[in-house]
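Structure file structure-v4.cif (mmCIF, C-alpha atoms) follows.
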data_query
loop_
_atom_site.label_atom_id
_atom_site.label_comp_id
_atom_site.auth_asym_id
_atom_site.auth_seq_id
_atom_site.Cartn_x
_atom_site.Cartn_y
_atom_site.Cartn_z
CA MET V 1 124.36 -7.03 326.46
CA ILE V 2 122.76 -6.78 323.07
CA ASP V 3 121.53 -9.63 320.90
CA LEU V 4 124.34 -10.65 318.52
CA ARG V 5 121.73 -11.33 315.83
CA LEU V 6 120.89 -7.63 315.84
CA LEU V 7 124.56 -6.80 315.40
CA ARG V 8 124.90 -9.21 312.46
CA GLU V 9 121.65 -8.25 310.76
CA ASP V 10 121.65 -4.49 311.37
CA PRO V 11 125.15 -3.26 312.29
CA ASP V 12 124.32 0.24 311.07
CA ARG V 13 121.69 0.59 313.81
CA VAL V 14 124.27 -0.34 316.44
CA ARG V 15 126.82 2.04 314.92
CA ALA V 16 124.24 4.84 314.96
CA SER V 17 123.48 4.07 318.63
CA GLN V 18 127.14 4.19 319.57
CA ARG V 19 127.51 7.49 317.71
CA ALA V 20 124.45 8.94 319.46
CA ARG V 21 125.83 7.89 322.84
CA GLY V 22 129.19 9.48 322.07
CA GLU V 23 130.82 6.04 322.36
CA ASP V 24 133.37 4.21 320.20
CA VAL V 25 131.81 3.30 316.83
CA ASP V 26 134.83 1.17 315.80
CA LEU V 27 133.84 -1.22 318.59
CA VAL V 28 131.04 -2.50 316.33
CA ASP V 29 133.41 -3.60 313.55
CA ALA V 30 135.85 -5.10 316.05
CA LEU V 31 133.03 -7.16 317.53
CA LEU V 32 131.78 -8.24 314.11
CA ALA V 33 135.30 -9.43 313.21
CA ALA V 34 135.66 -11.33 316.49
CA ASP V 35 132.25 -12.91 316.02
CA GLU V 36 133.07 -13.99 312.47
CA ARG V 37 136.40 -15.42 313.64
CA ARG V 38 134.63 -17.33 316.42
CA ARG V 39 132.06 -18.79 314.05
CA SER V 40 134.57 -19.71 311.33
CA SER V 41 136.95 -21.37 313.81
CA GLY V 42 133.97 -23.17 315.31
CA SER V 43 132.96 -24.47 311.90
CA ARG V 44 136.53 -25.58 311.21
CA PHE V 45 136.63 -27.35 314.58
CA ASP V 46 133.39 -29.20 313.77
CA GLU V 47 134.66 -30.25 310.32
CA LEU V 48 137.98 -31.51 311.66
CA ARG V 49 136.29 -33.39 314.52
CA ALA V 50 133.92 -35.06 312.05
CA GLU V 51 136.89 -36.21 309.95
CA GLN V 52 138.64 -37.40 313.12
CA LYS V 53 135.67 -39.61 313.98
CA ARG V 54 135.53 -40.97 310.43
CA LEU V 55 139.23 -41.88 310.54
CA GLY V 56 138.72 -43.44 313.94
CA ARG V 57 136.37 -45.94 312.31
CA LEU V 58 138.71 -46.63 309.37
CA ILE V 59 142.04 -47.09 311.16
CA PRO V 60 141.20 -50.37 312.96
CA ARG V 61 140.34 -52.00 309.60
CA ALA V 62 143.32 -50.59 307.64
CA GLU V 63 146.67 -52.31 307.11
CA GLY V 64 150.15 -51.50 305.82
CA ASP V 65 150.72 -48.24 303.97
CA GLU V 66 147.04 -47.30 304.16
CA ARG V 67 147.09 -47.61 307.96
CA ALA V 68 150.29 -45.54 308.18
CA ALA V 69 148.77 -42.79 306.01
CA LEU V 70 145.61 -42.76 308.08
CA LEU V 71 147.61 -42.52 311.31
CA ALA V 72 149.66 -39.65 309.90
CA ARG V 73 146.48 -37.86 308.89
CA ALA V 74 145.01 -38.53 312.33
CA GLY V 75 148.03 -36.77 313.88
CA GLU V 76 147.49 -33.76 311.61
CA LEU V 77 143.82 -33.67 312.50
CA ALA V 78 144.56 -33.80 316.24
CA ALA V 79 146.81 -30.76 315.92
CA GLY V 80 144.25 -29.00 313.73
CA VAL V 81 141.40 -29.69 316.16
CA LYS V 82 143.46 -28.39 319.06
CA ALA V 83 144.38 -25.21 317.17
CA ALA V 84 140.80 -24.60 316.00
CA ASP V 85 139.50 -25.14 319.55
CA ALA V 86 142.03 -22.68 320.98
CA GLU V 87 141.24 -20.08 318.30
CA ARG V 88 137.50 -20.48 318.91
CA ASP V 89 137.96 -19.98 322.66
CA GLU V 90 140.21 -16.95 322.12
CA ALA V 91 137.76 -15.37 319.67
CA ASP V 92 134.83 -16.13 321.99
CA THR V 93 136.59 -14.49 324.94
CA LEU V 94 137.37 -11.40 322.86
CA ALA V 95 133.80 -11.23 321.49
CA GLN V 96 132.34 -11.43 325.01
CA GLU V 97 134.68 -8.69 326.25
CA LEU V 98 133.73 -6.42 323.35
CA LEU V 99 130.04 -7.25 323.72
CA LEU V 100 130.09 -6.12 327.36
CA ARG V 101 131.43 -2.73 326.25
CA LEU V 102 128.51 -2.01 323.91
CA GLY V 103 125.63 0.05 325.27
CA ASN V 104 121.98 -0.84 324.78
CA PRO V 105 120.80 0.38 321.35
CA VAL V 106 119.17 3.77 321.78
CA HIS V 107 115.42 4.02 321.16
CA PRO V 108 114.80 5.80 317.82
CA GLU V 109 112.73 8.56 319.49
CA VAL V 110 115.41 9.52 322.03
CA PRO V 111 116.80 13.04 321.44
CA VAL V 112 120.41 12.90 320.26
CA GLY V 113 123.02 14.85 322.19
CA GLY V 114 124.52 15.42 325.60
CA GLU V 115 123.25 16.29 329.06
CA ASP V 116 121.63 19.57 327.98
CA ASP V 117 119.93 18.22 324.85
CA TYR V 118 116.91 16.69 326.60
CA VAL V 119 113.35 17.35 325.46
CA VAL V 120 110.74 18.56 327.96
CA ARG V 121 107.77 16.22 327.78
CA GLU V 122 105.39 17.78 330.29
CA THR V 123 105.28 20.24 333.18
CA HIS V 124 103.20 19.98 336.38
CA GLY V 125 102.37 22.24 339.29
CA THR V 126 102.79 25.96 339.93
CA ILE V 127 106.08 27.60 340.85
CA ARG V 128 105.70 29.88 343.86
CA ASP V 129 106.61 33.56 343.62
CA PHE V 130 108.23 34.25 346.98
CA ASP V 131 108.74 37.96 346.20
CA ALA V 132 104.99 38.29 345.67
CA GLU V 133 104.40 36.43 348.93
CA GLY V 134 106.58 38.96 350.71
CA PHE V 135 109.46 36.90 352.07
CA PRO V 136 112.76 35.54 350.68
CA ALA V 137 113.07 31.83 350.01
CA LEU V 138 115.61 30.08 352.22
CA ASP V 139 117.61 27.16 350.90
CA HIS V 140 117.16 23.65 352.28
CA LEU V 141 120.26 23.77 354.48
CA GLU V 142 119.18 26.97 356.22
CA LEU V 143 115.69 25.53 356.67
CA GLY V 144 117.07 22.20 357.85
CA THR V 145 119.30 23.97 360.34
CA ARG V 146 116.43 26.01 361.76
CA LEU V 147 114.28 22.87 362.03
CA GLY V 148 117.04 20.88 363.69
CA ALA V 149 116.68 18.42 360.81
CA ILE V 150 120.05 18.39 358.99
CA ASP V 151 123.59 18.36 360.41
CA VAL V 152 126.27 18.46 357.71
CA GLU V 153 129.04 19.78 359.98
CA ARG V 154 129.08 16.70 362.17
CA GLY V 155 128.63 14.53 359.07
CA ALA V 156 131.83 16.00 357.66
CA LYS V 157 133.60 15.68 361.03
CA VAL V 158 132.75 11.99 361.31
CA SER V 159 132.83 10.80 357.68
CA GLY V 160 134.12 13.60 355.42
CA SER V 161 132.55 15.93 352.90
CA ARG V 162 129.17 15.05 351.37
CA PHE V 163 128.06 13.07 354.41
CA TYR V 164 125.35 14.24 356.80
CA TYR V 165 123.10 13.41 359.71
CA LEU V 166 119.33 13.69 359.59
CA THR V 167 118.33 14.60 363.14
CA GLY V 168 115.03 14.97 364.96
CA VAL V 169 112.30 15.92 362.56
CA GLY V 170 114.70 15.30 359.64
CA ALA V 171 114.96 11.64 360.58
CA LEU V 172 111.19 11.46 361.04
CA LEU V 173 110.70 13.07 357.63
CA GLU V 174 112.85 10.41 355.96
CA LEU V 175 110.89 7.63 357.66
CA ALA V 176 107.63 9.28 356.62
CA LEU V 177 108.76 9.52 353.00
CA VAL V 178 109.95 5.93 352.89
CA ASN V 179 106.82 4.52 354.51
CA ALA V 180 104.51 6.59 352.32
CA ALA V 181 106.42 5.60 349.18
CA ILE V 182 106.40 1.90 350.06
CA ALA V 183 102.68 2.07 350.86
CA ARG V 184 101.95 3.55 347.44
CA ALA V 185 104.15 0.96 345.73
CA VAL V 186 102.38 -1.91 347.53
CA ALA V 187 99.01 -0.44 346.53
CA ALA V 188 100.23 -0.45 342.91
CA GLY V 189 101.10 -4.15 343.12
CA PHE V 190 104.81 -4.05 343.98
CA THR V 191 106.39 -6.51 346.41
CA PRO V 192 108.42 -4.60 349.03
CA MET V 193 112.05 -5.69 349.34
CA LEU V 194 114.92 -4.88 351.70
CA THR V 195 118.01 -5.59 349.61
CA PRO V 196 121.72 -6.24 350.26
CA ALA V 197 124.02 -3.22 350.11
CA LEU V 198 127.01 -5.38 349.06
CA VAL V 199 127.01 -7.37 345.83
CA LYS V 200 129.40 -9.61 343.90
CA PRO V 201 131.14 -8.32 340.76
CA ARG V 202 128.84 -10.26 338.42
CA ALA V 203 125.75 -8.52 339.81
CA MET V 204 127.34 -5.10 339.36
CA GLU V 205 128.64 -5.91 335.88
CA GLY V 206 125.40 -7.57 334.87
CA THR V 207 123.40 -4.41 335.48
CA GLY V 208 125.89 -2.31 333.49
CA PHE V 209 127.56 -0.37 336.31
CA LEU V 210 131.16 -1.45 335.73
CA GLY V 211 131.61 0.25 332.37
CA GLN V 212 131.37 4.02 332.06
CA ALA V 213 130.00 4.26 335.62
CA ALA V 214 132.83 2.27 337.28
CA ASP V 215 134.53 5.38 338.69
CA ASP V 216 131.39 6.17 340.68
CA VAL V 217 131.29 2.81 342.46
CA TYR V 218 132.80 1.88 345.83
CA HIS V 219 134.82 -1.36 345.61
CA LEU V 220 135.94 -3.34 348.66
CA GLU V 221 139.12 -4.95 347.35
CA LYS V 222 139.66 -7.30 350.29
CA ASP V 223 136.23 -8.87 349.73
CA ASP V 224 135.96 -8.24 345.97
CA ALA V 225 132.51 -6.81 346.60
CA TYR V 226 130.77 -3.58 345.65
CA LEU V 227 128.61 -1.16 347.60
CA VAL V 228 125.47 -0.59 345.53
CA GLY V 229 124.68 2.84 344.16
CA THR V 230 121.04 1.82 343.82
CA SER V 231 118.93 -1.19 344.79
CA GLU V 232 118.41 -1.65 341.04
CA VAL V 233 121.55 -3.82 341.20
CA PRO V 234 120.43 -6.44 343.76
CA LEU V 235 116.89 -6.34 342.39
CA ALA V 236 118.05 -7.04 338.83
CA ALA V 237 120.28 -9.86 340.09
CA TYR V 238 117.56 -11.36 342.31
CA HIS V 239 116.53 -13.75 339.50
CA MET V 240 120.03 -14.16 338.03
CA ASP V 241 120.46 -17.51 336.20
CA GLU V 242 116.74 -18.28 336.57
CA ILE V 243 114.02 -19.12 334.07
CA LEU V 244 110.70 -17.53 335.02
CA PRO V 245 107.36 -18.85 333.75
CA ALA V 246 105.72 -16.37 331.40
CA GLU V 247 102.49 -16.51 333.39
CA SER V 248 104.32 -15.14 336.47
CA LEU V 249 105.08 -11.86 334.67
CA PRO V 250 105.09 -9.00 335.31
CA LEU V 251 107.15 -9.20 338.50
CA ARG V 252 107.36 -5.85 340.26
CA TYR V 253 109.58 -5.14 343.26
CA ALA V 254 110.00 -2.01 345.38
CA GLY V 255 113.42 -2.08 347.01
CA PHE V 256 114.57 0.06 349.91
CA SER V 257 118.31 0.33 350.47
CA PRO V 258 121.18 2.61 351.31
CA CYS V 259 122.99 3.83 348.20
CA PHE V 260 126.69 4.72 347.92
CA ARG V 261 128.19 6.87 345.15
CA ARG V 262 131.63 8.42 344.79
CA GLU V 263 130.12 11.26 342.72
CA ALA V 264 133.21 11.14 340.50
CA GLY V 265 133.44 14.14 338.22
CA SER V 266 131.09 16.23 340.37
CA TYR V 267 133.74 18.03 342.41
CA GLY V 268 132.65 21.60 343.05
CA LYS V 269 129.03 20.85 342.13
CA ASP V 270 126.20 20.96 344.68
CA THR V 271 128.60 21.05 347.60
CA ARG V 272 126.14 22.84 349.89
CA GLY V 273 123.69 20.77 351.88
CA ILE V 274 122.43 17.30 350.99
CA PHE V 275 121.54 17.50 347.30
CA ARG V 276 124.58 15.53 346.07
CA VAL V 277 125.98 13.17 348.70
CA HIS V 278 127.99 9.95 348.96
CA GLN V 279 125.40 7.96 350.94
CA PHE V 280 121.62 8.16 350.87
CA ASP V 281 118.50 6.00 351.10
CA LYS V 282 116.15 5.33 348.24
CA VAL V 283 112.98 3.45 347.29
CA GLU V 284 113.44 1.94 343.83
CA MET V 285 110.88 0.26 341.59
CA PHE V 286 112.08 -2.66 339.46
CA CYS V 287 110.12 -4.69 336.91
CA PHE V 288 110.59 -7.94 334.99
CA VAL V 289 108.26 -8.07 331.97
CA ALA V 290 107.92 -9.71 328.56
CA PRO V 291 109.95 -7.67 326.00
CA GLU V 292 106.82 -6.70 324.05
CA GLU V 293 105.44 -5.11 327.24
CA ALA V 294 108.54 -3.03 328.01
CA GLU V 295 107.47 0.28 326.46
CA ALA V 296 104.04 0.17 328.08
CA GLU V 297 105.63 -0.69 331.44
CA HIS V 298 107.99 2.27 331.01
CA GLU V 299 105.00 4.57 330.74
CA ARG V 300 103.45 2.95 333.80
CA LEU V 301 106.62 3.53 335.83
CA LEU V 302 106.60 7.18 334.81
CA GLY V 303 102.94 7.36 335.79
CA TRP V 304 103.67 6.07 339.30
CA GLU V 305 106.49 8.59 339.70
CA ARG V 306 104.26 11.38 338.45
CA GLU V 307 101.51 10.45 340.92
CA TRP V 308 104.01 10.39 343.81
CA LEU V 309 105.48 13.82 343.06
CA THR V 310 101.98 15.23 342.57
CA ALA V 311 100.96 13.80 345.96
CA LEU V 312 103.97 15.58 347.48
CA GLU V 313 102.60 18.79 345.91
CA LEU V 314 105.86 19.58 344.15
CA PRO V 315 106.15 21.53 340.89
CA PHE V 316 108.04 19.32 338.44
CA ARG V 317 108.65 18.53 334.81
CA VAL V 318 109.34 15.33 332.87
CA ILE V 319 112.21 15.22 330.39
CA ASP V 320 113.15 12.71 327.70
CA VAL V 321 116.85 12.25 328.46
CA ALA V 322 119.27 12.70 325.54
CA SER V 323 121.26 9.78 324.14
CA GLY V 324 124.61 10.81 325.59
CA ASP V 325 123.21 10.90 329.12
CA LEU V 326 121.38 7.57 329.20
CA GLY V 327 123.88 5.25 330.85
CA ALA V 328 124.88 1.95 329.25
CA SER V 329 121.79 -0.10 330.16
CA ALA V 330 118.89 2.17 329.20
CA THR V 331 117.46 2.37 325.73
CA ARG V 332 115.31 5.31 326.91
CA LYS V 333 115.03 7.23 330.16
CA TYR V 334 112.59 9.77 331.56
CA ASP V 335 113.64 12.04 334.42
CA CYS V 336 111.23 13.86 336.70
CA GLU V 337 112.83 17.11 337.82
CA ALA V 338 111.46 19.14 340.72
CA TRP V 339 111.69 22.91 340.89
CA ILE V 340 114.26 24.07 343.47
CA PRO V 341 113.38 27.69 344.32
CA THR V 342 116.78 28.89 345.58
CA GLN V 343 118.54 27.41 342.54
CA GLY V 344 115.96 28.83 340.15
CA LYS V 345 115.85 25.66 338.09
CA TYR V 346 114.52 22.12 337.86
CA ARG V 347 116.70 19.32 339.28
CA GLU V 348 116.43 15.56 338.90
CA LEU V 349 114.42 13.75 341.57
CA THR V 350 113.49 10.49 339.85
CA SER V 351 114.39 8.49 336.74
CA ALA V 352 112.54 5.76 334.87
CA SER V 353 114.61 3.59 332.51
CA ASN V 354 113.67 0.96 329.96
CA CYS V 355 116.58 -1.49 329.74
CA THR V 356 114.80 -3.91 327.35
CA GLU V 357 116.70 -7.26 327.30
CA PHE V 358 120.13 -5.73 327.99
CA GLN V 359 120.48 -6.59 331.69
CA ALA V 360 118.57 -9.86 331.44
CA ARG V 361 120.99 -11.19 328.81
CA ARG V 362 123.99 -10.30 330.98
CA LEU V 363 122.41 -11.83 334.10
CA ARG V 364 120.86 -14.80 332.26
CA VAL V 365 117.32 -14.10 333.38
CA ARG V 366 114.90 -15.73 330.97
CA MET V 367 111.21 -16.47 330.58
CA ARG V 368 109.62 -19.76 329.54
CA GLU V 369 106.67 -19.91 327.15
CA GLY V 370 105.65 -23.50 326.54
CA LYS V 371 108.85 -25.30 325.50
CA THR V 372 110.77 -22.18 324.48
CA THR V 373 112.84 -19.78 326.58
CA ARG V 374 113.98 -16.25 325.77
CA PRO V 375 115.38 -13.21 327.59
CA LEU V 376 112.85 -10.93 329.24
CA ALA V 377 112.98 -7.15 329.74
CA THR V 378 113.90 -5.19 332.86
CA LEU V 379 112.93 -1.66 333.85
CA ASN V 380 113.70 0.51 336.84
CA GLY V 381 112.29 3.71 338.27
CA THR V 382 113.11 5.83 341.30
CA LEU V 383 110.13 6.31 343.56
CA CYS V 384 111.83 8.30 346.32
CA ALA V 385 115.50 9.34 346.55
CA VAL V 386 115.28 10.67 350.11
CA PRO V 387 117.76 13.58 350.41
CA ARG V 388 116.78 15.25 347.14
CA THR V 389 113.11 14.83 347.97
CA ILE V 390 113.71 16.48 351.36
CA VAL V 391 115.50 19.34 349.58
CA ALA V 392 112.50 19.87 347.28
CA LEU V 393 109.96 19.55 350.10
CA LEU V 394 111.67 22.01 352.44
CA GLU V 395 112.22 24.68 349.80
CA ASN V 396 108.86 24.44 348.04
CA HIS V 397 106.71 24.18 351.19
CA GLN V 398 108.50 26.72 353.38
CA LEU V 399 106.58 29.37 355.29
CA PRO V 400 107.72 32.76 356.64
CA GLY V 401 110.16 32.42 359.53
CA GLY V 402 111.54 29.01 358.51
CA ALA V 403 108.56 26.75 359.19
CA VAL V 404 107.63 24.14 356.57
CA ARG V 405 104.15 22.93 355.62
CA VAL V 406 103.74 19.15 355.50
CA PRO V 407 101.89 17.87 352.39
CA GLU V 408 98.79 15.87 353.25
CA VAL V 409 100.17 12.56 351.95
CA LEU V 410 102.89 12.60 354.64
CA ARG V 411 100.82 13.76 357.62
CA PRO V 412 99.63 10.28 358.68
CA TYR V 413 103.28 9.23 358.87
CA LEU V 414 104.24 12.27 360.98
CA GLY V 415 101.64 11.90 363.69
CA GLY V 416 99.20 14.20 361.90
CA ARG V 417 101.65 17.11 361.98
CA GLU V 418 100.70 19.82 359.47
CA VAL V 419 103.67 22.16 359.96
CA LEU V 420 107.30 21.60 360.92
CA GLU V 421 108.29 24.41 363.27
CA PRO V 422 111.83 25.82 363.74
CA ARG V 423 113.64 24.91 366.94
CA GLU V 424 114.12 27.73 369.39
CA ASN V 425 117.80 26.98 369.88
CA GLY V 426 118.76 26.15 366.32
CA SER V 427 119.56 22.75 364.88
CA ASP V 428 121.75 21.11 367.49
CA PRO V 429 119.70 18.31 369.11
CA ALA V 430 122.27 18.17 371.93
CA GLY V 431 122.08 21.90 372.54
CA GLY V 432 125.85 22.26 372.23
CA ALA V 433 128.26 23.75 369.73
CA ILE V 434 130.52 21.76 367.44
CA GLY V 435 134.07 21.88 368.72
CA SER V 436 133.04 22.70 372.29
#
In structure tokens, write the structure found in this file.
Amino acid sequence: MIDLRLLREDPDRVRASQRARGEDVDLVDALLAADERRRSSGSRFDELRAEQKRLGRLIPRAEGDERAALLARAGELAAGVKAADAERDEADTLAQELLLRLGNPVHPEVPVGGEDDYVVRETHGTIRDFDAEGFPALDHLELGTRLGAIDVERGAKVSGSRFYYLTGVGALLELALVNAAIARAVAAGFTPMLTPALVKPRAMEGTGFLGQAADDVYHLEKDDAYLVGTSEVPLAAYHMDEILPAESLPLRYAGFSPCFRREAGSYGKDTRGIFRVHQFDKVEMFCFVAPEEAEAEHERLLGWEREWLTALELPFRVIDVASGDLGASATRKYDCEAWIPTQGKYRELTSASNCTEFQARRLRVRMREGKTTRPLATLNGTLCAVPRTIVALLENHQLPGGAVRVPEVLRPYLGGREVLEPRENGSDPAGGAIGS
């Protein structure tokens, strides 16, 4: 959540942020009114309680009519205190509800607009010309089928659409990617973490995933628990309700977890293959830093993502995501998009988000400097979202006939293999046909 002092001192900035996000601007004035009501009822409660205490000292010494008048006034004060207390609690509850609906104020340099209004920051690598090389580019599903690496038919049979199996070399490729990514994260100073896939409502709400993103989340009603869509959630909540010494910062974690997403609103999009699926594995970077370090840490996260995609020898670009596509928690977000040859366009592979103090305030994660405490800043960045990375690797490194070259960074994790060769009998590791 945002700092209420910012709302009181600069409401126009918050209104402008809401407008840039395409969110409800009237929410700002409703929150200001609730906050003012809370503070005024709180002041009235304090005044009436002070008078109550004063009368409490006078009544034992009073007699006759004076005592009767004081007792009558004491009764009025008791009713007034009770009413002021109830109004303060009601206003506080409303203010907190409204506060949770406000997004993080957008960074002033973020491009304003929707999904297509991003700004390209930089471009890396060379896009291959398959026509010039003399063979047509195959898409990742055709390549994965020839390699015996991807089985979407049995995934759909067992679990439904947008589920899949990684088989044989596909499974080995995932393990290679995860191990290589974790190794790079550890070398950069991150602590590796294996995180829970189920979290309590407060953890999900605290990271900002129960607002506009709620439709994309899997909820287990019987347990009142949520399947995480990213290990950002359990990593952010790891220090929930804790005060961290300033000298311990920055804290950097690299979490590996399964991720579950309903992909609400994406029906009909990316239905072929494993680009957009309901379950996948991911290595996520997460950082706790002092607020004044947040922008520099954001650039560092982007730098680690850039180095990883360069090591995978993928052509990619970095975009500054537009305000309407940020998500509630981020004040600014950079996406790295890899070139997908058969789609003829760049597609998101990683994101790096600066959430400033937004999540820390909601989760009550603070830092101590001397005798003072204050909220710290949180940031997150994808290092390796496995299925999309496999899509980009297969398509960009394919060779004539359906083989795929392995980039050097992954070879130590694949037994030194330099090329993935197609299977003679297709993709079925059992050698049978579905439905037989």
*In the coordinates of the file, take the point (126.2, 1.5, 347.5) and a cut-off of 7 Å; then, counting all atoms listed in the file, name each qualifying protein, DNA or RNA residue as a ChimeraX atom specification.*
/V:197,218,227-230,258-261
Edge lengths and centre in Å, axis-aligned, region 29-44 of chain V plus 6 Å each side, as lines of an AutoDock Vina configuration file:
center_x = 134.4
center_y = -14.6
center_z = 314.4
size_x = 17.2
size_y = 34.0
size_z = 18.3
Set the distance at 12 Å and use all atoms listed in the file: which residues neighbour Ser351 (chain V) once local chain neighbours fewer than 3 positions away are removed? I'd like the list as a short mmCIF file (atom, residue, chain, number, x, y, z; two decimals) with C-alpha atoms, in the frame of the given file.
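Produced file part.cif, reproduced below:
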data_model
loop_
_atom_site.label_atom_id
_atom_site.label_comp_id
_atom_site.auth_asym_id
_atom_site.auth_seq_id
_atom_site.Cartn_x
_atom_site.Cartn_y
_atom_site.Cartn_z
CA THR V 230 121.04 1.82 343.82
CA GLU V 232 118.41 -1.65 341.04
CA VAL V 283 112.98 3.45 347.29
CA GLU V 284 113.44 1.94 343.83
CA MET V 285 110.88 0.26 341.59
CA PHE V 286 112.08 -2.66 339.46
CA HIS V 298 107.99 2.27 331.01
CA GLU V 299 105.00 4.57 330.74
CA LEU V 301 106.62 3.53 335.83
CA LEU V 302 106.60 7.18 334.81
CA GLY V 303 102.94 7.36 335.79
CA TRP V 304 103.67 6.07 339.30
CA GLU V 305 106.49 8.59 339.70
CA ARG V 306 104.26 11.38 338.45
CA ARG V 317 108.65 18.53 334.81
CA VAL V 318 109.34 15.33 332.87
CA ILE V 319 112.21 15.22 330.39
CA ASP V 320 113.15 12.71 327.70
CA VAL V 321 116.85 12.25 328.46
CA ASP V 325 123.21 10.90 329.12
CA LEU V 326 121.38 7.57 329.20
CA GLY V 327 123.88 5.25 330.85
CA ALA V 330 118.89 2.17 329.20
CA ARG V 332 115.31 5.31 326.91
CA LYS V 333 115.03 7.23 330.16
CA TYR V 334 112.59 9.77 331.56
CA ASP V 335 113.64 12.04 334.42
CA CYS V 336 111.23 13.86 336.70
CA GLU V 337 112.83 17.11 337.82
CA ALA V 338 111.46 19.14 340.72
CA ARG V 347 116.70 19.32 339.28
CA GLU V 348 116.43 15.56 338.90
CA ASN V 354 113.67 0.96 329.96
CA LEU V 379 112.93 -1.66 333.85
CA ASN V 380 113.70 0.51 336.84
CA GLY V 381 112.29 3.71 338.27
CA THR V 382 113.11 5.83 341.30
CA LEU V 383 110.13 6.31 343.56
CA CYS V 384 111.83 8.30 346.32
CA ALA V 385 115.50 9.34 346.55
#
*Report the residues retrieved by the PyMOL selection byres ((chain V and resi 391) around 8) from the displayed file, expressed as a list in words.*
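Selection result, ordered by chain and number: His140, Ile274, Phe275, Ile340, Pro387, Arg388, Thr389, Ile390, Ala392, Leu393, Leu394 and Glu395 of chain V.
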*Might you spell out which residues the PyMOL selection byres ((chain V and resi 181) around 10) would select in the displayed file, as a ChimeraX atom specification?*
/V:175-180,182-187,254,256,282-284,305,308,383-384,409-410
*Result set, the PyMOL selection byres ((chain V and resi 169) around 12) on current file, as a PyMOL selection string*: chain V and resi 143-151+165-168+170-176+390+394+403-404+406+413-415+417+419-423+427-429
_Point-to-point distance from CA of Asp92 (chain V) to CA of Ser43 (chain V), Å rounded to tenths_ =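 Straight-line distance from CA of Asp92 (chain V) to CA of Ser43 (chain V) works out to 13.2 Å.
Using only C-alpha atoms, the residues found no farther than 8 Å from Cys287 (chain V), other than those of its own chain fewer than 3 positions away, are Pro250, Leu251, Arg252, Tyr253, Thr378, Leu379 and Asn380 of chain V.
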Could you check which residues have any atom within 12 Å of (134.7, -10.3, 329.3), counting only C-alpha atoms with coordinates taken straight from the file, and then list them as a compact mmCIF listing (two decimals) with C-alpha atoms, keeping the file's coordinate frame?
# COMPACT_ATOMS: atom_id res chain seq x y z
CA MET V 1 124.36 -7.03 326.46
CA GLU V 90 140.21 -16.95 322.12
CA ALA V 91 137.76 -15.37 319.67
CA ASP V 92 134.83 -16.13 321.99
CA THR V 93 136.59 -14.49 324.94
CA LEU V 94 137.37 -11.40 322.86
CA ALA V 95 133.80 -11.23 321.49
CA GLN V 96 132.34 -11.43 325.01
CA GLU V 97 134.68 -8.69 326.25
CA LEU V 98 133.73 -6.42 323.35
CA LEU V 99 130.04 -7.25 323.72
CA LEU V 100 130.09 -6.12 327.36
CA ARG V 101 131.43 -2.73 326.25
CA LEU V 102 128.51 -2.01 323.91
CA ARG V 202 128.84 -10.26 338.42
CA GLU V 205 128.64 -5.91 335.88
CA GLY V 206 125.40 -7.57 334.87
CA LEU V 210 131.16 -1.45 335.73
CA GLY V 211 131.61 0.25 332.37
CA ARG V 362 123.99 -10.30 330.98
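Put simply, CA of Pro192 (chain V) is 14.2 Å away from CA of Ala236 (chain V).
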*asked:* Using all atoms listed in the file, can you tell me which of V:Asp281, V:Asp89, V:Glu221, V:Glu142 comes closest to Ala34 (chain V)?
replied: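 The closest residue to Ala34 (chain V) is V:Asp89.
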*asked:* If we count all atoms listed in the file and set the cut-off at 10 Å, which residues sit around Pro108 (chain V), ignoring sequence neighbours fewer than 6 positions away in its own chain? Please answer as a ChimeraX atom specification.
replied: /V:13,16-17,323,331-332
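A straight line drawn from CA of Asp215 (chain V) to CA of Cys355 (chain V) is 21.2 Å long.
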_Within 12 Å of Ala237 (chain V) using all atoms listed in the file, minus same-chain residues under 2 positions, as a ChimeraX atom specification_ = /V:195-196,199-208,228,231-235,239-242,286-288,359-365,378
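Within the 12 Å cut-off around region 50-54 of chain V, using only C-alpha atoms and omitting residues fewer than 5 positions from it on the same chain, the listed residues are Ser43, Arg44, Phe45, Ile59, Pro60, Leu70, Leu71, Ala72, Arg73, Ala74, Gly75, Glu76, Leu77, Ala78, Ala79, Gly80, Val81 and Lys82 of chain V.
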